[in-house]
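Trainee: If it helps, the file is called upload03.cif and holds mmCIF, C-alpha atoms and all ligand atoms; chains and numbers go by the auth columns:
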```cif
data_protein
loop_
_atom_site.group_PDB
_atom_site.id
_atom_site.type_symbol
_atom_site.label_atom_id
_atom_site.label_comp_id
_atom_site.label_asym_id
_atom_site.label_seq_id
_atom_site.Cartn_x
_atom_site.Cartn_y
_atom_site.Cartn_z
_atom_site.B_iso_or_equiv
_atom_site.auth_seq_id
_atom_site.auth_asym_id
ATOM 1 C CA MET A 1 108.100 207.388 50.453 0.00 1 A
ATOM 2 C CA LYS A 2 109.098 204.689 52.897 0.00 2 A
ATOM 3 C CA ILE A 3 107.708 201.196 52.742 0.00 3 A
ATOM 4 C CA THR A 4 106.697 200.342 56.277 0.00 4 A
ATOM 5 C CA LYS A 5 104.485 197.367 55.566 0.00 5 A
ATOM 6 C CA ALA A 6 104.678 194.634 52.960 0.00 6 A
ATOM 7 C CA ASP A 7 102.565 191.501 52.852 0.00 7 A
ATOM 8 C CA PHE A 8 102.554 188.635 50.425 0.00 8 A
ATOM 9 C CA LEU A 9 99.018 188.235 49.056 0.00 9 A
ATOM 10 C CA VAL A 10 98.830 185.477 46.478 0.00 10 A
ATOM 11 C CA SER A 11 100.638 183.561 43.747 0.00 11 A
ATOM 12 C CA ALA A 12 98.408 183.494 40.702 0.00 12 A
ATOM 13 C CA VAL A 13 98.347 181.764 37.361 0.00 13 A
ATOM 14 C CA THR A 14 94.792 182.432 36.211 0.00 14 A
ATOM 15 C CA GLU A 15 92.814 185.655 36.400 0.00 15 A
ATOM 16 C CA LYS A 16 90.416 184.149 38.914 0.00 16 A
ATOM 17 C CA GLN A 17 93.282 183.997 41.397 0.00 17 A
ATOM 18 C CA TYR A 18 94.195 187.685 41.113 0.00 18 A
ATOM 19 C CA PRO A 19 93.266 189.993 43.988 0.00 19 A
ATOM 20 C CA ASP A 20 90.449 192.455 43.252 0.00 20 A
ATOM 21 C CA GLU A 21 91.082 195.556 41.168 0.00 21 A
ATOM 22 C CA SER A 22 90.588 198.044 43.992 0.00 22 A
ATOM 23 C CA LEU A 23 94.260 199.017 44.461 0.00 23 A
ATOM 24 C CA PRO A 24 96.842 200.386 42.011 0.00 24 A
ATOM 25 C CA GLU A 25 99.529 197.959 40.894 0.00 25 A
ATOM 26 C CA ILE A 26 103.102 198.295 39.680 0.00 26 A
ATOM 27 C CA ALA A 27 104.716 195.208 38.187 0.00 27 A
ATOM 28 C CA PHE A 28 108.339 194.177 37.740 0.00 28 A
ATOM 29 C CA ALA A 29 109.263 192.540 34.436 0.00 29 A
ATOM 30 C CA GLY A 30 112.557 191.319 33.035 0.00 30 A
ATOM 31 C CA ARG A 31 114.731 188.393 32.112 0.00 31 A
ATOM 32 C CA SER A 32 115.043 185.530 34.569 0.00 32 A
ATOM 33 C CA ASN A 33 117.797 186.221 37.079 0.00 33 A
ATOM 34 C CA VAL A 34 117.899 189.977 36.370 0.00 34 A
ATOM 35 C CA GLY A 35 116.938 190.694 39.990 0.00 35 A
ATOM 36 C CA LYS A 36 113.170 191.346 40.114 0.00 36 A
ATOM 37 C CA SER A 37 112.552 189.486 43.361 0.00 37 A
ATOM 38 C CA SER A 38 115.716 190.944 44.900 0.00 38 A
ATOM 39 C CA LEU A 39 114.511 194.443 44.023 0.00 39 A
ATOM 40 C CA LEU A 40 111.215 193.839 45.787 0.00 40 A
ATOM 41 C CA ASN A 41 113.052 192.637 48.897 0.00 41 A
ATOM 42 C CA LEU A 42 115.351 195.639 48.704 0.00 42 A
ATOM 43 C CA LEU A 43 112.543 198.186 48.451 0.00 43 A
ATOM 44 C CA THR A 44 110.592 196.598 51.275 0.00 44 A
ATOM 45 C CA ASN A 45 113.638 195.937 53.480 0.00 45 A
ATOM 46 C CA ARG A 46 112.555 192.330 53.764 0.00 46 A
ATOM 47 C CA ARG A 47 115.235 189.831 52.882 0.00 47 A
ATOM 48 C CA LYS A 48 112.893 186.915 52.416 0.00 48 A
ATOM 49 C CA LEU A 49 109.641 188.441 51.201 0.00 49 A
ATOM 50 C CA ALA A 50 110.134 187.203 47.625 0.00 50 A
ATOM 51 C CA LYS A 51 112.153 184.097 46.876 0.00 51 A
ATOM 52 C CA VAL A 52 115.512 184.813 45.270 0.00 52 A
ATOM 53 C CA SER A 53 117.752 182.254 43.606 0.00 53 A
ATOM 54 C CA GLN A 54 121.056 182.057 41.780 0.00 54 A
ATOM 55 C CA ASN A 55 119.312 179.798 39.300 0.00 55 A
ATOM 56 C CA PRO A 56 117.118 181.524 36.737 0.00 56 A
ATOM 57 C CA GLY A 57 113.454 180.564 36.619 0.00 57 A
ATOM 58 C CA LYS A 58 112.784 180.891 40.356 0.00 58 A
ATOM 59 C CA THR A 59 109.574 182.907 40.101 0.00 59 A
ATOM 60 C CA ARG A 60 107.097 180.927 38.002 0.00 60 A
ATOM 61 C CA GLN A 61 103.808 182.586 38.918 0.00 61 A
ATOM 62 C CA ILE A 62 102.465 186.096 39.246 0.00 62 A
ATOM 63 C CA ASN A 63 103.110 187.127 42.844 0.00 63 A
ATOM 64 C CA PHE A 64 101.098 189.958 44.375 0.00 64 A
ATOM 65 C CA PHE A 65 102.383 191.903 47.383 0.00 65 A
ATOM 66 C CA LEU A 66 100.428 194.506 49.344 0.00 66 A
ATOM 67 C CA ILE A 67 102.539 197.571 50.131 0.00 67 A
ATOM 68 C CA ASN A 68 101.708 200.039 52.932 0.00 68 A
ATOM 69 C CA ASP A 69 98.106 198.775 52.711 0.00 69 A
ATOM 70 C CA SER A 70 97.710 201.132 49.759 0.00 70 A
ATOM 71 C CA PHE A 71 99.111 199.653 46.548 0.00 71 A
ATOM 72 C CA ARG A 72 100.528 196.416 45.193 0.00 72 A
ATOM 73 C CA ILE A 73 103.849 195.383 43.721 0.00 73 A
ATOM 74 C CA VAL A 74 103.583 192.460 41.352 0.00 74 A
ATOM 75 C CA ASP A 75 106.621 190.222 40.869 0.00 75 A
ATOM 76 C CA LEU A 76 106.357 188.627 37.439 0.00 76 A
ATOM 77 C CA PRO A 77 108.081 185.448 36.294 0.00 77 A
ATOM 78 C CA GLY A 78 111.125 186.152 34.135 0.00 78 A
ATOM 79 C CA TYR A 79 111.602 185.427 30.453 0.00 79 A
ATOM 80 C CA GLY A 80 114.549 184.134 28.508 0.00 80 A
ATOM 81 C CA TYR A 81 115.170 181.139 30.689 0.00 81 A
ATOM 82 C CA ALA A 82 116.710 178.625 28.307 0.00 82 A
ATOM 83 C CA ARG A 83 115.878 175.451 30.170 0.00 83 A
ATOM 84 C CA VAL A 84 112.090 175.748 30.060 0.00 84 A
ATOM 85 C CA SER A 85 110.239 173.565 27.591 0.00 85 A
ATOM 86 C CA ARG A 86 108.330 174.996 24.685 0.00 86 A
ATOM 87 C CA SER A 87 104.975 174.330 26.313 0.00 87 A
ATOM 88 C CA GLU A 88 106.157 175.996 29.502 0.00 88 A
ATOM 89 C CA SER A 89 107.315 179.014 27.595 0.00 89 A
ATOM 90 C CA GLU A 90 103.949 179.202 25.819 0.00 90 A
ATOM 91 C CA SER A 91 102.035 179.041 29.072 0.00 91 A
ATOM 92 C CA TRP A 92 104.353 181.736 30.463 0.00 92 A
ATOM 93 C CA GLY A 93 103.453 183.933 27.479 0.00 93 A
ATOM 94 C CA LYS A 94 99.737 183.405 27.940 0.00 94 A
ATOM 95 C CA MET A 95 99.923 184.034 31.667 0.00 95 A
ATOM 96 C CA MET A 96 101.831 187.318 31.131 0.00 96 A
ATOM 97 C CA GLU A 97 99.606 188.434 28.294 0.00 97 A
ATOM 98 C CA ARG A 98 96.444 187.873 30.300 0.00 98 A
ATOM 99 C CA TYR A 99 97.789 189.914 33.182 0.00 99 A
ATOM 100 C CA LEU A 100 99.324 192.771 31.204 0.00 100 A
ATOM 101 C CA GLU A 101 96.428 193.187 28.791 0.00 101 A
ATOM 102 C CA ASN A 102 93.463 192.923 31.160 0.00 102 A
ATOM 103 C CA ARG A 103 94.416 194.690 34.318 0.00 103 A
ATOM 104 C CA PRO A 104 92.828 198.134 34.578 0.00 104 A
ATOM 105 C CA ASN A 105 94.521 198.890 37.917 0.00 105 A
ATOM 106 C CA LEU A 106 98.005 198.136 36.530 0.00 106 A
ATOM 107 C CA LEU A 107 99.590 201.581 36.254 0.00 107 A
ATOM 108 C CA LYS A 108 103.140 200.860 35.182 0.00 108 A
ATOM 109 C CA VAL A 109 105.525 198.014 34.518 0.00 109 A
ATOM 110 C CA VAL A 110 109.089 198.530 35.668 0.00 110 A
ATOM 111 C CA GLN A 111 111.319 196.953 33.036 0.00 111 A
ATOM 112 C CA LEU A 112 114.483 195.543 34.596 0.00 112 A
ATOM 113 C CA VAL A 113 117.654 195.057 32.585 0.00 113 A
ATOM 114 C CA ASP A 114 121.100 193.950 33.727 0.00 114 A
ATOM 115 C CA CYS A 115 123.378 197.018 33.739 0.00 115 A
ATOM 116 C CA ARG A 116 126.298 194.915 32.518 0.00 116 A
ATOM 117 C CA HIS A 117 124.775 193.957 29.195 0.00 117 A
ATOM 118 C CA GLU A 118 123.141 195.529 26.227 0.00 118 A
ATOM 119 C CA PRO A 119 119.389 194.757 26.368 0.00 119 A
ATOM 120 C CA SER A 120 118.632 191.419 24.699 0.00 120 A
ATOM 121 C CA ALA A 121 116.234 190.889 21.791 0.00 121 A
ATOM 122 C CA GLN A 122 113.671 189.705 24.348 0.00 122 A
ATOM 123 C CA ASP A 123 114.197 192.823 26.484 0.00 123 A
ATOM 124 C CA LEU A 124 113.527 194.939 23.413 0.00 124 A
ATOM 125 C CA GLN A 125 110.459 192.907 22.537 0.00 125 A
ATOM 126 C CA MET A 126 109.120 193.175 26.073 0.00 126 A
ATOM 127 C CA TYR A 127 109.696 196.914 26.133 0.00 127 A
ATOM 128 C CA GLU A 128 107.928 197.420 22.798 0.00 128 A
ATOM 129 C CA TYR A 129 105.026 195.407 24.140 0.00 129 A
ATOM 130 C CA LEU A 130 104.860 197.557 27.284 0.00 130 A
ATOM 131 C CA LYS A 131 104.930 200.689 25.150 0.00 131 A
ATOM 132 C CA TYR A 132 102.052 199.388 23.072 0.00 132 A
ATOM 133 C CA TYR A 133 99.980 198.947 26.226 0.00 133 A
ATOM 134 C CA GLY A 134 100.973 202.315 27.648 0.00 134 A
ATOM 135 C CA LEU A 135 102.798 200.694 30.560 0.00 135 A
ATOM 136 C CA ALA A 136 106.378 201.650 29.643 0.00 136 A
ATOM 137 C CA GLY A 137 108.636 204.555 30.619 0.00 137 A
ATOM 138 C CA LEU A 138 110.349 203.276 33.741 0.00 138 A
ATOM 139 C CA VAL A 139 113.476 201.151 33.375 0.00 139 A
ATOM 140 C CA VAL A 140 115.721 199.878 36.129 0.00 140 A
ATOM 141 C CA ALA A 141 119.292 198.763 35.451 0.00 141 A
ATOM 142 C CA THR A 142 120.130 196.126 38.074 0.00 142 A
ATOM 143 C CA LYS A 143 123.357 194.926 39.691 0.00 143 A
ATOM 144 C CA ALA A 144 124.986 198.366 39.551 0.00 144 A
ATOM 145 C CA ASP A 145 127.498 197.180 42.163 0.00 145 A
ATOM 146 C CA LYS A 146 129.118 195.028 39.500 0.00 146 A
ATOM 147 C CA LEU A 147 130.429 197.982 37.467 0.00 147 A
ATOM 148 C CA SER A 148 132.685 200.956 38.050 0.00 148 A
ATOM 149 C CA LYS A 149 131.049 204.367 37.874 0.00 149 A
ATOM 150 C CA ASN A 150 132.486 204.987 34.424 0.00 150 A
ATOM 151 C CA GLU A 151 131.393 201.662 33.043 0.00 151 A
ATOM 152 C CA LEU A 152 127.960 202.113 34.558 0.00 152 A
ATOM 153 C CA ASN A 153 127.470 205.536 32.962 0.00 153 A
ATOM 154 C CA LYS A 154 128.604 204.202 29.629 0.00 154 A
ATOM 155 C CA ASN A 155 126.189 201.286 29.840 0.00 155 A
ATOM 156 C CA LEU A 156 123.298 203.469 30.961 0.00 156 A
ATOM 157 C CA SER A 157 123.651 205.507 27.768 0.00 157 A
ATOM 158 C CA LEU A 158 123.793 202.305 25.789 0.00 158 A
ATOM 159 C CA ILE A 159 120.615 201.020 27.449 0.00 159 A
ATOM 160 C CA ARG A 160 118.842 204.342 26.777 0.00 160 A
ATOM 161 C CA LYS A 161 119.782 204.136 23.143 0.00 161 A
ATOM 162 C CA SER A 162 119.042 200.489 22.703 0.00 162 A
ATOM 163 C CA LEU A 163 115.531 200.698 24.227 0.00 163 A
ATOM 164 C CA SER A 164 114.948 204.034 22.402 0.00 164 A
ATOM 165 C CA LEU A 165 114.102 205.758 25.671 0.00 165 A
ATOM 166 C CA GLU A 166 112.817 209.290 25.304 0.00 166 A
ATOM 167 C CA LYS A 167 113.809 212.293 27.359 0.00 167 A
ATOM 168 C CA ASP A 168 111.023 211.876 29.899 0.00 168 A
ATOM 169 C CA ASP A 169 111.493 208.147 30.290 0.00 169 A
ATOM 170 C CA ILE A 170 113.195 207.231 33.532 0.00 170 A
ATOM 171 C CA LEU A 171 116.230 204.981 33.836 0.00 171 A
ATOM 172 C CA ILE A 172 117.526 204.232 37.328 0.00 172 A
ATOM 173 C CA ALA A 173 120.560 202.145 38.240 0.00 173 A
ATOM 174 C CA VAL A 174 119.983 200.048 41.347 0.00 174 A
ATOM 175 C CA SER A 175 121.920 197.605 43.442 0.00 175 A
ATOM 176 C CA ALA A 176 120.519 195.119 45.892 0.00 176 A
ATOM 177 C CA VAL A 177 124.008 194.878 47.395 0.00 177 A
ATOM 178 C CA ASN A 178 124.710 198.524 48.259 0.00 178 A
ATOM 179 C CA ARG A 179 121.161 199.937 47.931 0.00 179 A
ATOM 180 C CA THR A 180 122.040 202.359 45.116 0.00 180 A
ATOM 181 C CA GLY A 181 118.965 203.898 43.505 0.00 181 A
ATOM 182 C CA THR A 182 116.351 202.737 45.999 0.00 182 A
ATOM 183 C CA ASP A 183 115.274 206.171 47.238 0.00 183 A
ATOM 184 C CA GLU A 184 114.982 207.492 43.711 0.00 184 A
ATOM 185 C CA LEU A 185 112.952 204.502 42.576 0.00 185 A
ATOM 186 C CA LEU A 186 110.662 204.702 45.614 0.00 186 A
ATOM 187 C CA GLY A 187 110.081 208.383 44.833 0.00 187 A
ATOM 188 C CA VAL A 188 109.031 207.538 41.294 0.00 188 A
ATOM 189 C CA ILE A 189 106.776 204.689 42.446 0.00 189 A
ATOM 190 C CA ASP A 190 105.173 206.996 44.998 0.00 190 A
ATOM 191 C CA LYS A 191 104.339 209.512 42.288 0.00 191 A
ATOM 192 C CA ILE A 192 102.820 206.849 40.071 0.00 192 A
ATOM 193 C CA VAL A 193 100.621 205.212 42.696 0.00 193 A
ATOM 194 C CA SER A 194 99.466 208.500 44.172 0.00 194 A
ATOM 195 C CA GLY A 195 98.625 209.794 40.691 0.00 195 A
ATOM 196 C CA ARG A 196 100.938 212.804 40.896 0.00 196 A
HETATM 197 N N1 LIG B . 125.592 191.633 42.737 0.00 201 A
HETATM 198 C C1 LIG B . 124.249 191.707 42.678 0.00 201 A
HETATM 199 N N2 LIG B . 123.523 190.573 42.574 0.00 201 A
HETATM 200 C C2 LIG B . 122.184 190.680 42.501 0.00 201 A
HETATM 201 C C3 LIG B . 121.516 191.937 42.514 0.00 201 A
HETATM 202 N N3 LIG B . 120.191 191.726 42.396 0.00 201 A
HETATM 203 C C4 LIG B . 120.027 190.375 42.314 0.00 201 A
HETATM 204 N N4 LIG B . 121.210 189.740 42.380 0.00 201 A
HETATM 205 C C5 LIG B . 121.429 188.283 42.313 0.00 201 A
HETATM 206 O O1 LIG B . 120.913 187.791 41.076 0.00 201 A
HETATM 207 C C6 LIG B . 120.318 186.499 41.255 0.00 201 A
HETATM 208 C C7 LIG B . 118.888 186.486 40.752 0.00 201 A
HETATM 209 O O2 LIG B . 118.089 187.331 41.544 0.00 201 A
HETATM 210 P P1 LIG B . 116.493 187.207 41.596 0.00 201 A
HETATM 211 O O3 LIG B . 116.026 188.392 42.370 0.00 201 A
HETATM 212 O O4 LIG B . 116.070 185.854 42.065 0.00 201 A
HETATM 213 O O5 LIG B . 116.116 187.363 40.045 0.00 201 A
HETATM 214 P P2 LIG B . 114.670 187.311 39.337 0.00 201 A
HETATM 215 O O6 LIG B . 114.684 188.357 38.289 0.00 201 A
HETATM 216 O O7 LIG B . 113.590 187.387 40.367 0.00 201 A
HETATM 217 O O8 LIG B . 114.692 185.866 38.645 0.00 201 A
HETATM 218 P P3 LIG B . 113.440 184.914 38.244 0.00 201 A
HETATM 219 O O9 LIG B . 112.579 184.751 39.449 0.00 201 A
HETATM 220 O O10 LIG B . 114.111 183.659 37.820 0.00 201 A
HETATM 221 O O11 LIG B . 112.727 185.573 37.107 0.00 201 A
HETATM 222 C C8 LIG B . 120.455 186.178 42.755 0.00 201 A
HETATM 223 O O12 LIG B . 121.612 185.386 42.916 0.00 201 A
HETATM 224 C C9 LIG B . 120.627 187.548 43.377 0.00 201 A
HETATM 225 O O13 LIG B . 121.338 187.495 44.599 0.00 201 A
HETATM 226 C C10 LIG B . 122.333 193.122 42.636 0.00 201 A
HETATM 227 O O14 LIG B . 121.860 194.267 42.653 0.00 201 A
HETATM 228 N N5 LIG B . 123.671 192.943 42.710 0.00 201 A
HETATM 229 MG MG MG B . 112.053 186.132 40.824 0.00 202 A
#
```
Now, as a test, write the supplied structure out as structure tokens.
Ligand SMILES: Nc1nc2c(ncn2[C@@H]2O[C@H](COP(=O)(O)OP(=O)(O)OP(=O)(O)O)[C@@H](O)[C@H]2O)c(=O)[nH]1
Ligand SMILES: [Mg+2]

Mentor:
Amino acid sequence: MKITKADFLVSAVTEKQYPDESLPEIAFAGRSNVGKSSLLNLLTNRRKLAKVSQNPGKTRQINFFLINDSFRIVDLPGYGYARVSRSESESWGKMMERYLENRPNLLKVVQLVDCRHEPSAQDLQMYEYLKYYGLAGLVVATKADKLSKNELNKNLSLIRKSLSLEKDDILIAVSAVNRTGTDELLGVIDKIVSGR
């Protein structure tokens, strides 16, 4: 699949602000700064579609993007950002919960982890949560350009083990710098949204 059209739809906090449920959705989840917004820009070939920042905590709302007029990619705000207040972190939790638990057209959540590190306790918690809701099974290891091939392979096995991925679960290393993994990931997304 090629993404030929990508439009920003809406930034939402409450359910009332979500677009209707008529199109399938795939969401990107992961720690702040892991590269969710960069991945969206990479897949859509649009450098400025989603806002990217060196400082964690850039994406604070649920951002919906219409892809090829046929499905949506949803850029979620990241977790694990140390500088947010307790009340902010609680409202983040509620906002995520409401979206992930009550969205019939949400088909899959891509869990992003940094390929350089072992998944954090929060990554594990998030992944368990996604499993519980039947949204797990697709993991992307970001920033693959930062490691040698050997190191990357070693870390991919570690990530598989740490998240207890099963044989059929998919783990793809990607890089927003050299475009590693994009075709493979687009192929998987295509299958999911077209129900194949
Ligand atoms: N080297 C390298 N840097 C990357 C890659 N992907 C993202 N980055 C950098 O990582 C930083 C964070 O990227 P974002 O895409 O804003 O991360 P995010 O997950 O959307 O973060 P929040 O919105 O805070 O949740 C930016 O400085 C990006 O340029 C990658 O594949 N390789
Ligand atoms: Mg972001």

Trainee: Please identify all polymer residues within 10 Å of stretch 156-164 of chain A, counting only C-alpha atoms, omitting same-chain residues fewer than 5 positions from it, and present them as JSON, numbers by chain.

Mentor: {"A": [113, 114, 115, 116, 117, 118, 119, 120, 123, 124, 125, 127, 128, 139, 140, 141, 150, 151, 169, 170, 171, 172, 173]}

Trainee: Could you give me the residues within 9 Å of ligand MG 202 (chain A), counting all atoms listed in the file, as a ChimeraX atom specification?

Mentor: /A:32-38,50-53,56-60,75-78

Trainee: Please identify all polymer residues within 9 Å of A:Val13, counting all atoms listed in the file, omitting same-chain residues fewer than 3 positions from it, and present them as a list of chain:residue names.

Mentor: A:Lys16, A:Gln17, A:Tyr18, A:Arg60, A:Gln61, A:Ile62, A:Met95

Trainee: Have a look at A:Lys167, A:Lys131, A:Arg179, A:Lys5 and name the one nearest to A:Ala144; count only C-alpha atoms.

Mentor: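 The closest residue to A:Ala144 is A:Arg179.
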
Trainee: Quote the spacing between atom CA of A:Ser22 and atom CA of A:Lys2 in Å to one decimal place.

Mentor: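 Here the two named atoms are 21.6 Å from each other.
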
Trainee: Atom CA of A:Ala121 and atom CA of A:Gly80 are how many Å apart?

Mentor: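 Interatomic distance here is 9.7 Å.
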
Trainee: What is the atom CA of A:Pro24 to atom CA of A:Leu186 distance in Å?

Mentor: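 Computing it gives 14.9 Å between the two atoms.
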